[in-house]
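*Asks:* I am sharing model34.tsv, which consists of TSV, C-alpha atoms and all ligand atoms:
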chain	number	residue	atom	x	y	z
A	1	MET	CA	-11.41	-13.21	17.69
A	2	LEU	CA	-11.89	-9.93	19.60
A	3	ASN	CA	-9.44	-7.13	18.86
A	4	ASP	CA	-9.21	-3.54	20.07
A	5	ASP	CA	-7.43	-2.14	17.02
A	6	ILE	CA	-7.76	-2.55	13.22
A	7	LEU	CA	-3.99	-3.06	13.02
A	8	HIS	CA	-4.41	-6.47	14.70
A	9	ALA	CA	-6.25	-7.54	11.56
A	10	ILE	CA	-3.00	-7.30	9.56
A	11	GLY	CA	-1.54	-10.66	8.55
A	12	ARG	CA	-2.68	-14.23	9.21
A	13	THR	CA	-4.08	-14.29	5.68
A	14	PRO	CA	-5.44	-17.56	4.27
A	15	LEU	CA	-3.40	-20.00	2.17
A	16	ILE	CA	-5.82	-21.54	-0.33
A	17	GLU	CA	-5.19	-24.52	-2.57
A	18	LEU	CA	-5.89	-23.78	-6.26
A	19	ARG	CA	-7.31	-27.22	-6.96
A	20	ASN	CA	-8.67	-26.38	-10.39
A	21	CYS	CA	-5.52	-24.65	-11.69
A	22	SER	CA	-2.82	-27.28	-11.17
A	23	PRO	CA	-1.61	-28.72	-14.49
A	24	LYS	CA	-0.83	-32.19	-13.05
A	25	PRO	CA	-1.88	-34.43	-10.15
A	26	GLY	CA	1.46	-34.48	-8.28
A	27	VAL	CA	1.85	-30.70	-8.20
A	28	ARG	CA	-0.22	-28.67	-5.75
A	29	LEU	CA	-0.57	-24.88	-6.02
A	30	PHE	CA	-1.42	-22.73	-2.99
A	31	ALA	CA	-2.16	-18.98	-3.03
A	32	LYS	CA	-1.52	-16.72	-0.04
A	33	LEU	CA	-4.33	-14.16	-0.28
A	34	GLU	CA	-2.78	-10.87	0.81
A	35	GLY	CA	-5.79	-8.94	-0.46
A	36	GLN	CA	-7.43	-10.01	2.82
A	37	ASN	CA	-5.36	-7.48	4.77
A	38	PRO	CA	-7.41	-4.52	6.05
A	39	SER	CA	-6.29	-1.95	3.46
A	40	GLY	CA	-6.38	-4.64	0.78
A	41	SER	CA	-2.77	-5.59	0.11
A	42	VAL	CA	0.43	-7.22	1.31
A	43	LYS	CA	1.82	-3.74	2.05
A	44	ASP	CA	-0.09	-3.47	5.34
A	45	ARG	CA	2.59	-5.73	6.81
A	46	ILE	CA	5.53	-3.48	5.96
A	47	ALA	CA	3.67	-0.23	6.70
A	48	LEU	CA	2.95	-1.49	10.22
A	49	GLN	CA	6.57	-2.49	10.89
A	50	MET	CA	8.04	0.72	9.48
A	51	VAL	CA	5.69	3.00	11.44
A	52	LEU	CA	6.03	1.12	14.74
A	53	ALA	CA	9.84	1.15	14.42
A	54	ALA	CA	9.84	4.90	13.70
A	55	GLU	CA	7.72	5.46	16.81
A	56	ARG	CA	10.00	3.26	18.94
A	57	THR	CA	13.14	5.09	17.84
A	58	GLY	CA	11.54	8.54	18.29
A	59	ARG	CA	11.73	9.45	14.58
A	60	LEU	CA	7.94	9.67	14.60
A	61	ARG	CA	6.16	11.32	17.51
A	62	PRO	CA	2.41	11.34	18.25
A	63	GLY	CA	0.70	13.54	15.67
A	64	GLY	CA	3.78	13.44	13.43
A	65	ALA	CA	3.79	13.30	9.66
A	66	ILE	CA	4.90	10.65	7.17
A	67	VAL	CA	5.69	11.23	3.49
A	68	VAL	CA	6.00	8.48	0.90
A	69	ALA	CA	6.28	8.15	-2.88
A	70	SER	CA	3.97	5.38	-4.03
A	71	THR	CA	1.76	4.42	-6.96
A	72	GLY	CA	-0.71	2.67	-4.76
A	73	ASN	CA	-0.59	-0.12	-2.26
A	74	THR	CA	2.19	1.16	0.00
A	75	GLY	CA	0.62	4.62	0.13
A	76	ILE	CA	-2.77	3.16	1.03
A	77	ALA	CA	-1.25	0.85	3.66
A	78	LEU	CA	0.61	3.77	5.27
A	79	ALA	CA	-2.59	5.84	5.16
A	80	LEU	CA	-4.32	3.08	7.13
A	81	VAL	CA	-1.54	2.69	9.69
A	82	GLY	CA	-1.13	6.47	9.99
A	83	ARG	CA	-4.83	6.94	10.62
A	84	ALA	CA	-4.91	4.20	13.24
A	85	ARG	CA	-1.77	5.51	15.02
A	86	GLY	CA	-2.62	9.22	14.76
A	87	HIS	CA	-0.06	10.35	12.17
A	88	ARG	CA	-0.64	12.49	9.08
A	89	VAL	CA	0.30	10.83	5.79
A	90	ARG	CA	1.31	12.53	2.54
A	91	VAL	CA	1.54	10.41	-0.64
A	92	VAL	CA	3.39	11.67	-3.73
A	93	MET	CA	2.28	9.97	-6.95
A	94	PRO	CA	2.36	10.31	-10.75
A	95	GLU	CA	-0.82	11.63	-12.42
A	96	ASN	CA	-1.57	8.51	-14.49
A	97	ILE	CA	-2.95	6.56	-11.57
A	98	ALA	CA	-6.46	5.13	-11.72
A	99	ASP	CA	-9.10	7.05	-9.75
A	100	GLU	CA	-9.57	4.29	-7.21
A	101	ILE	CA	-6.19	5.00	-5.62
A	102	PRO	CA	-6.52	8.72	-4.78
A	103	ARG	CA	-10.12	8.13	-3.72
A	104	THR	CA	-9.06	5.41	-1.31
A	105	LEU	CA	-6.21	7.56	-0.01
A	106	SER	CA	-8.62	10.46	0.59
A	107	ALA	CA	-11.03	8.14	2.39
A	108	TYR	CA	-8.20	7.28	4.80
A	109	GLY	CA	-7.48	11.00	5.21
A	110	ALA	CA	-4.10	11.07	3.42
A	111	THR	CA	-2.94	14.15	1.50
A	112	ILE	CA	-2.00	13.61	-2.17
A	113	GLU	CA	0.70	15.45	-4.14
A	114	TRP	CA	0.81	14.89	-7.90
A	115	VAL	CA	3.81	14.82	-10.21
A	116	PRO	CA	3.52	14.80	-14.04
A	117	ALA	CA	2.93	11.29	-15.38
A	118	GLU	CA	5.91	11.43	-17.74
A	119	GLN	CA	8.29	12.15	-14.85
A	120	GLY	CA	7.06	9.04	-13.02
A	121	MET	CA	8.26	7.59	-9.74
A	122	ARG	CA	11.75	9.10	-9.89
A	123	LYS	CA	10.20	12.56	-9.70
A	124	ALA	CA	7.74	11.41	-7.03
A	125	ILE	CA	10.65	10.24	-4.88
A	126	ALA	CA	12.48	13.56	-5.33
A	127	VAL	CA	9.36	15.52	-4.36
A	128	ALA	CA	8.84	13.31	-1.30
A	129	GLN	CA	12.46	13.95	-0.28
A	130	GLY	CA	11.78	17.69	-0.58
A	131	PHE	CA	8.81	17.44	1.78
A	132	ALA	CA	10.87	15.44	4.24
A	133	GLN	CA	13.51	18.21	4.37
A	134	ARG	CA	11.30	21.29	4.26
A	135	GLU	CA	8.33	20.16	6.32
A	136	ASP	CA	10.15	17.88	8.72
A	137	GLU	CA	8.08	14.90	7.59
A	138	LEU	CA	9.40	11.35	8.00
A	139	LEU	CA	10.29	9.87	4.61
A	140	LEU	CA	9.63	6.14	4.46
A	141	ASP	CA	11.50	4.38	1.65
A	142	GLN	CA	10.36	0.80	1.11
A	143	PHE	CA	13.04	0.18	-1.54
A	144	ALA	CA	15.87	0.71	0.93
A	145	ASP	CA	14.34	-0.05	4.33
A	146	PRO	CA	15.45	-3.44	5.74
A	147	LEU	CA	12.20	-3.53	7.74
A	148	ASN	CA	10.41	-4.22	4.47
A	149	THR	CA	12.23	-7.58	4.21
A	150	GLN	CA	12.02	-8.10	7.96
A	151	ALA	CA	8.22	-7.79	7.99
A	152	HIS	CA	7.97	-10.71	5.58
A	153	TYR	CA	10.62	-12.72	7.40
A	154	ASP	CA	8.75	-12.23	10.69
A	155	THR	CA	5.16	-12.69	9.52
A	156	THR	CA	4.42	-13.85	5.94
A	157	GLY	CA	7.09	-16.56	5.91
A	158	PRO	CA	6.20	-18.18	9.26
A	159	GLU	CA	2.49	-18.09	8.40
A	160	ILE	CA	3.15	-20.05	5.19
A	161	LEU	CA	5.25	-22.61	7.09
A	162	ASP	CA	2.55	-23.02	9.75
A	163	ASP	CA	0.03	-23.91	7.05
A	164	LEU	CA	2.33	-25.90	4.75
A	165	PRO	CA	5.61	-27.17	6.21
A	166	GLY	CA	7.20	-28.47	2.98
A	167	VAL	CA	7.31	-25.74	0.34
A	168	ASP	CA	9.16	-26.76	-2.84
A	169	VAL	CA	8.80	-23.51	-4.78
A	170	PHE	CA	7.81	-19.97	-3.75
A	171	VAL	CA	6.68	-17.60	-6.52
A	172	ALA	CA	6.11	-13.87	-5.94
A	173	GLY	CA	6.17	-10.62	-7.87
A	174	LEU	CA	9.22	-8.41	-7.79
A	175	GLY	CA	8.60	-4.80	-6.81
A	176	THR	CA	10.90	-3.75	-4.01
A	177	GLY	CA	12.00	-7.38	-3.56
A	178	GLY	CA	10.90	-7.30	0.09
A	179	THR	CA	8.45	-10.19	-0.24
A	180	LEU	CA	10.88	-12.42	-2.16
A	181	MET	CA	13.80	-11.73	0.18
A	182	GLY	CA	11.92	-11.94	3.48
A	183	VAL	CA	9.66	-14.91	2.75
A	184	GLY	CA	12.39	-16.60	0.72
A	185	ARG	CA	14.93	-16.44	3.54
A	186	ARG	CA	12.49	-17.87	6.06
A	187	LEU	CA	11.43	-20.72	3.75
A	188	LYS	CA	15.03	-21.61	2.85
A	189	GLU	CA	15.94	-21.74	6.55
A	190	ALA	CA	13.20	-24.35	6.99
A	191	ASN	CA	14.19	-26.23	3.82
A	192	SER	CA	17.30	-25.19	1.92
A	193	ALA	CA	15.99	-26.89	-1.23
A	194	THR	CA	13.06	-24.45	-1.53
A	195	GLN	CA	13.31	-22.54	-4.80
A	196	VAL	CA	12.51	-18.81	-4.81
A	197	ILE	CA	11.24	-17.52	-8.16
A	198	ALA	CA	10.71	-13.84	-8.99
A	199	VAL	CA	8.08	-12.59	-11.42
A	200	GLU	CA	8.97	-9.51	-13.45
A	201	PRO	CA	7.07	-7.64	-16.15
A	202	HIS	CA	8.52	-7.68	-19.66
A	203	PRO	CA	10.57	-4.50	-20.16
A	204	GLY	CA	8.14	-1.78	-21.25
A	205	ASN	CA	5.13	-3.57	-19.76
A	206	GLN	CA	3.41	-2.00	-16.80
A	207	LEU	CA	2.12	-4.30	-14.10
A	208	GLN	CA	1.01	-2.62	-10.93
A	209	GLY	CA	3.52	-3.04	-8.13
A	210	LEU	CA	6.05	-4.96	-10.24
A	211	ARG	CA	9.17	-3.61	-11.91
A	212	SER	CA	11.50	-4.71	-14.65
A	213	LEU	CA	15.12	-4.81	-13.48
A	214	ALA	CA	16.09	-4.26	-17.13
A	215	GLU	CA	14.97	-0.65	-16.63
A	216	GLY	CA	18.08	-0.10	-14.56
A	217	PHE	CA	17.06	0.32	-10.93
A	218	ILE	CA	17.98	-2.50	-8.53
A	219	PRO	CA	16.30	-1.91	-5.16
A	220	PRO	CA	18.97	-1.80	-2.41
A	221	ILE	CA	17.16	-4.47	-0.36
A	222	LEU	CA	17.22	-6.95	-3.26
A	223	ASP	CA	20.06	-9.51	-3.52
A	224	LEU	CA	19.79	-10.98	-7.00
A	225	ASP	CA	22.08	-13.92	-6.15
A	226	PHE	CA	19.56	-15.08	-3.59
A	227	LEU	CA	16.91	-15.77	-6.24
A	228	ASP	CA	16.77	-19.18	-7.93
A	229	GLY	CA	15.18	-17.80	-11.06
A	230	LYS	CA	12.93	-15.22	-12.58
A	231	ILE	CA	10.13	-15.40	-15.09
A	232	LEU	CA	9.06	-12.50	-17.31
A	233	VAL	CA	5.33	-12.09	-17.83
A	234	SER	CA	3.43	-9.78	-20.20
A	235	SER	CA	0.40	-7.78	-19.07
A	236	ARG	CA	-1.71	-9.79	-21.50
A	237	HIS	CA	-0.84	-13.07	-19.77
A	238	ALA	CA	-1.24	-11.50	-16.32
A	239	PHE	CA	-4.74	-10.31	-17.23
A	240	ARG	CA	-5.75	-13.66	-18.65
A	241	ALA	CA	-4.53	-15.55	-15.60
A	242	ALA	CA	-6.30	-13.14	-13.20
A	243	ALA	CA	-9.54	-13.77	-15.07
A	244	GLU	CA	-8.84	-17.52	-15.08
A	245	VAL	CA	-8.32	-17.82	-11.32
A	246	MET	CA	-11.69	-16.13	-10.82
A	247	ARG	CA	-13.35	-18.54	-13.26
A	248	ARG	CA	-11.76	-21.69	-11.88
A	249	GLU	CA	-11.49	-20.93	-8.16
A	250	GLY	CA	-13.73	-17.93	-7.40
A	251	ILE	CA	-10.67	-15.93	-6.29
A	252	PHE	CA	-10.80	-12.20	-7.05
A	253	ALA	CA	-7.12	-11.31	-7.34
A	254	GLY	CA	-5.22	-8.35	-8.78
A	255	VAL	CA	-3.11	-8.10	-11.91
A	256	SER	CA	0.23	-8.94	-10.27
A	257	SER	CA	-1.40	-12.08	-8.85
A	258	GLY	CA	-2.35	-13.01	-12.40
A	259	ALA	CA	1.31	-12.60	-13.40
A	260	VAL	CA	2.35	-14.81	-10.48
A	261	LEU	CA	-0.15	-17.50	-11.46
A	262	HIS	CA	1.00	-17.43	-15.09
A	263	ALA	CA	4.63	-17.85	-13.98
A	264	ALA	CA	3.76	-20.55	-11.42
A	265	LEU	CA	2.04	-22.62	-14.09
A	266	LYS	CA	5.28	-22.60	-16.08
A	267	VAL	CA	7.17	-23.75	-12.98
A	268	ALA	CA	4.55	-26.43	-12.30
A	269	GLN	CA	4.85	-27.83	-15.80
A	270	ARG	CA	8.58	-28.47	-15.24
A	271	LEU	CA	8.13	-29.94	-11.75
A	272	PRO	CA	7.57	-33.72	-11.50
A	273	ARG	CA	5.74	-33.22	-8.21
A	274	GLY	CA	5.71	-30.85	-5.26
A	275	ASP	CA	4.03	-27.92	-3.51
A	276	VAL	CA	4.19	-24.43	-5.00
A	277	VAL	CA	3.21	-21.34	-2.97
A	278	LEU	CA	2.05	-18.23	-4.85
A	279	LEU	CA	1.90	-14.79	-3.26
A	280	PHE	CA	-1.26	-12.94	-4.38
A	281	ALA	CA	-0.39	-9.38	-3.32
A	282	ASP	CA	-3.81	-7.76	-3.61
A	283	GLY	CA	-7.43	-8.30	-4.60
A	284	GLY	CA	-9.16	-7.31	-7.83
A	285	TRP	CA	-11.07	-4.24	-6.64
A	286	LYS	CA	-8.61	-1.60	-7.88
A	287	TYR	CA	-8.55	-3.11	-11.35
A	288	LEU	CA	-12.29	-3.34	-12.07
A	289	ALA	CA	-12.10	-0.43	-14.51
A	290	THR	CA	-9.82	-2.50	-16.76
A	291	GLY	CA	-12.76	-4.78	-17.59
A	292	LEU	CA	-10.53	-7.81	-17.34
A	293	TRP	CA	-13.15	-10.02	-15.69
A	294	THR	CA	-15.89	-9.08	-18.12
A	295	SER	CA	-13.99	-8.92	-21.42
A	296	PRO	CA	-10.57	-10.57	-21.01
A	297	PRO	CA	-8.34	-10.49	-24.12
A	298	ARG	CA	-8.48	-13.70	-26.16
A	299	ALA	CA	-5.39	-15.52	-27.47
A	300	GLY	CA	-3.66	-13.39	-30.11
A	301	GLU	CA	-5.50	-10.24	-29.03
A	302	GLY	CA	-4.59	-7.41	-26.77
A	303	GLU	CA	-0.93	-6.72	-27.61
A	304	GLU	CA	-1.69	-3.06	-27.00
A	305	LEU	CA	-2.32	-3.87	-23.33
A	306	ASP	CA	1.38	-4.47	-22.86
A	307	ASP	CA	2.39	-0.84	-23.10
A	308	MET	CA	-0.27	0.69	-20.93
A	309	MET	CA	-0.08	1.63	-17.30
A	310	TRP	CA	-2.43	-0.88	-15.76
A	311	TRP	CA	-3.70	0.05	-12.50
B	401	LIG	C1	0.15	-5.41	-6.36
B	401	LIG	C2	1.58	-5.67	-5.96
B	401	LIG	N1	2.13	-6.84	-6.25
B	401	LIG	C3	3.41	-7.11	-5.94
B	401	LIG	C4	4.23	-6.19	-5.33
B	401	LIG	C5	5.67	-6.53	-5.08
B	401	LIG	O1	6.01	-6.71	-3.74
B	401	LIG	P1	7.45	-6.33	-3.20
B	401	LIG	O2	7.54	-4.83	-3.16
B	401	LIG	O3	7.51	-6.93	-1.84
B	401	LIG	O4	8.50	-6.88	-4.12
B	401	LIG	C6	3.68	-4.96	-5.00
B	401	LIG	C7	4.52	-3.94	-4.40
B	401	LIG	O5	4.16	-2.77	-4.37
B	401	LIG	C8	2.33	-4.68	-5.32
B	401	LIG	O6	1.77	-3.49	-5.05
Let me see the file written as structure tokens.
*Replies:*
Amino acid sequence: MLNDDILHAIGRTPLIELRNCSPKPGVRLFAKLEGQNPSGSVKDRIALQMVLAAERTGRLRPGGAIVVASTGNTGIALALVGRARGHRVRVVMPENIADEIPRTLSAYGATIEWVPAEQGMRKAIAVAQGFAQREDELLLDQFADPLNTQAHYDTTGPEILDDLPGVDVFVAGLGTGGTLMGVGRRLKEANSATQVIAVEPHPGNQLQGLRSLAEGFIPPILDLDFLDGKILVSSRHAFRAAAEVMRREGIFAGVSSGAVLHAALKVAQRLPRGDVVLLFADGGWKYLATGLWTSPPRAGEGEELDDMMWW
């Protein structure tokens, strides 16, 4: 395939059967490997749609500036798309982020603004809004932007259906809800019996990219009634499953993918037979410093992992 632009490499990620993870013969598990996107996560898809739409509608002009509050993947994805399209990108983030994130952002040429760790994403969003007003930068808000859902409806969903026409269950992490809503809608249009299952961290647990609805914020793009169920996963189980999928399948996936696998195995145990699709949102690179592939917590160990910010 010959392409004239890195942005053409976004999407068309592989769907891989996890043959050594399925708990029973009649149930097949398939993982959509979003870490294969050029900046390393599922967020390349939404960054591309949001930036192209802003250009089309004149909200973003050549050489313009974008500002976003992000703890990682969305900021990096926008930094990639901004660089490729000639826009400046400013990312506002809390200080307790692992070094890999700001280093990657700097490599893509993005500017970083820090907010105190204890003030978290709420403060980051407020600071980003300030930049949008004062500096005339375009604020992109993935939690409220319908293009987030649309990107998955237009690309991720159809790609899954092309590879596997009959999906019985779709399991994905819940962050903004864009993946669950967009892919879920497309899959249910093809087969209304498809179940859409959200994966959430236990309240108080930190799993990169995922959020607990119990903490009070429901993203505007998320319609809870649309979901068929949700499964809460602890960081400990997410870590163990991420290490396990490397051991059994040779797949180097991030911590939220581990949470998705842990949840999908619970679903699979209840299912007499069928095909389950798992969304692996990013690869393992950003999480190497956690040591999870070299010294994963054993059963009964590692409770302390639950309360830490795992990046
Ligand atoms: C690693 C990771 N997994 C899962 C998600 C959740 O995806 P969504 O925002 O579409 O709900 C995100 C979102 O940032 C993420 O970064």
*Asks:* Using 6 Å as the limit and counting all atoms listed in the file, can you tabulate each residue of chain A that touches ligand LIG 401 (chain B), with its shortest atom-to-atom distance in Å and the two atoms involved, as a tab-separated table?
*Replies:*
residue	atom	partner	partner_atom	distance
A:Asn73	CA	B:LIG401	O6	5.0
A:Gly173	CA	B:LIG401	C3	4.9
A:Leu174	CA	B:LIG401	O4	4.0
A:Gly175	CA	B:LIG401	O4	3.4
A:Thr176	CA	B:LIG401	O2	3.6
A:Gly177	CA	B:LIG401	O4	3.6
A:Gly178	CA	B:LIG401	O3	3.9
A:Thr179	CA	B:LIG401	O3	3.8
A:Gln208	CA	B:LIG401	C1	5.4
A:Gly209	CA	B:LIG401	C8	3.5
A:Leu210	CA	B:LIG401	C4	5.4
A:Ser256	CA	B:LIG401	N1	4.9
A:Ala281	CA	B:LIG401	N1	4.6
A:Asp282	CA	B:LIG401	C1	5.4
*Asks:* Let me make sure I understand: among A:Ser295, A:Val199, A:Val127, A:Gly75, which one has the smallest atom-to-atom distance to Ser212 in chain A if we use all atoms listed in the file?
*Replies:* A:Val199
*Asks:* Residues of range 263-302 of chain A that have any atom at most 6 Å from an atom of range 238-255 of chain A: could you tabulate them with the shortest-distance atom pair and the distance in Å to one decimal, using all atoms listed in the file, ordered by chain and increasing number, as JSON lines?
*Replies:*
{"residue": "A:Asp282", "atom": "CA", "partner": "A:Gly254", "partner_atom": "CA", "distance": 5.4}
{"residue": "A:Gly283", "atom": "CA", "partner": "A:Ala253", "partner_atom": "CA", "distance": 4.1}
{"residue": "A:Gly284", "atom": "CA", "partner": "A:Gly254", "partner_atom": "CA", "distance": 4.2}
{"residue": "A:Trp293", "atom": "CA", "partner": "A:Ala243", "partner_atom": "CA", "distance": 5.2}
*Asks:* Here is a test: counting all atoms listed in the file, which residue of A:Val92, A:Val171, A:Leu105, A:Val196 is nearest to Phe280 in chain A?
*Replies:*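 Comparing A:Val92, A:Val171, A:Leu105, A:Val196 against Phe280 in chain A, the winner is A:Val171.
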*Asks:* Skip Asp141 in chain A itself and residues of its chain fewer than 2 positions away, then list as a PyMOL selection string all residues within 9 Å of it, counting all atoms listed in the file.
*Replies:* chain A and resi 68-69+125+139+143-145
*Asks:* Please provide the set of residues having any atom within 6 Å of range 19-31 of chain A, restricted to only C-alpha atoms, with same-chain residues fewer than 5 positions apart removed, written as a list in words.
*Replies:* Arg248, Arg273, Gly274, Asp275, Val276, Val277, Leu278 and Leu279 of chain A
*Asks:* I'd like the interatomic distance between CA of Leu161 in chain A and CA of Ala190 in chain A, to a tenth of an Å.
*Replies:* 8.1 Å
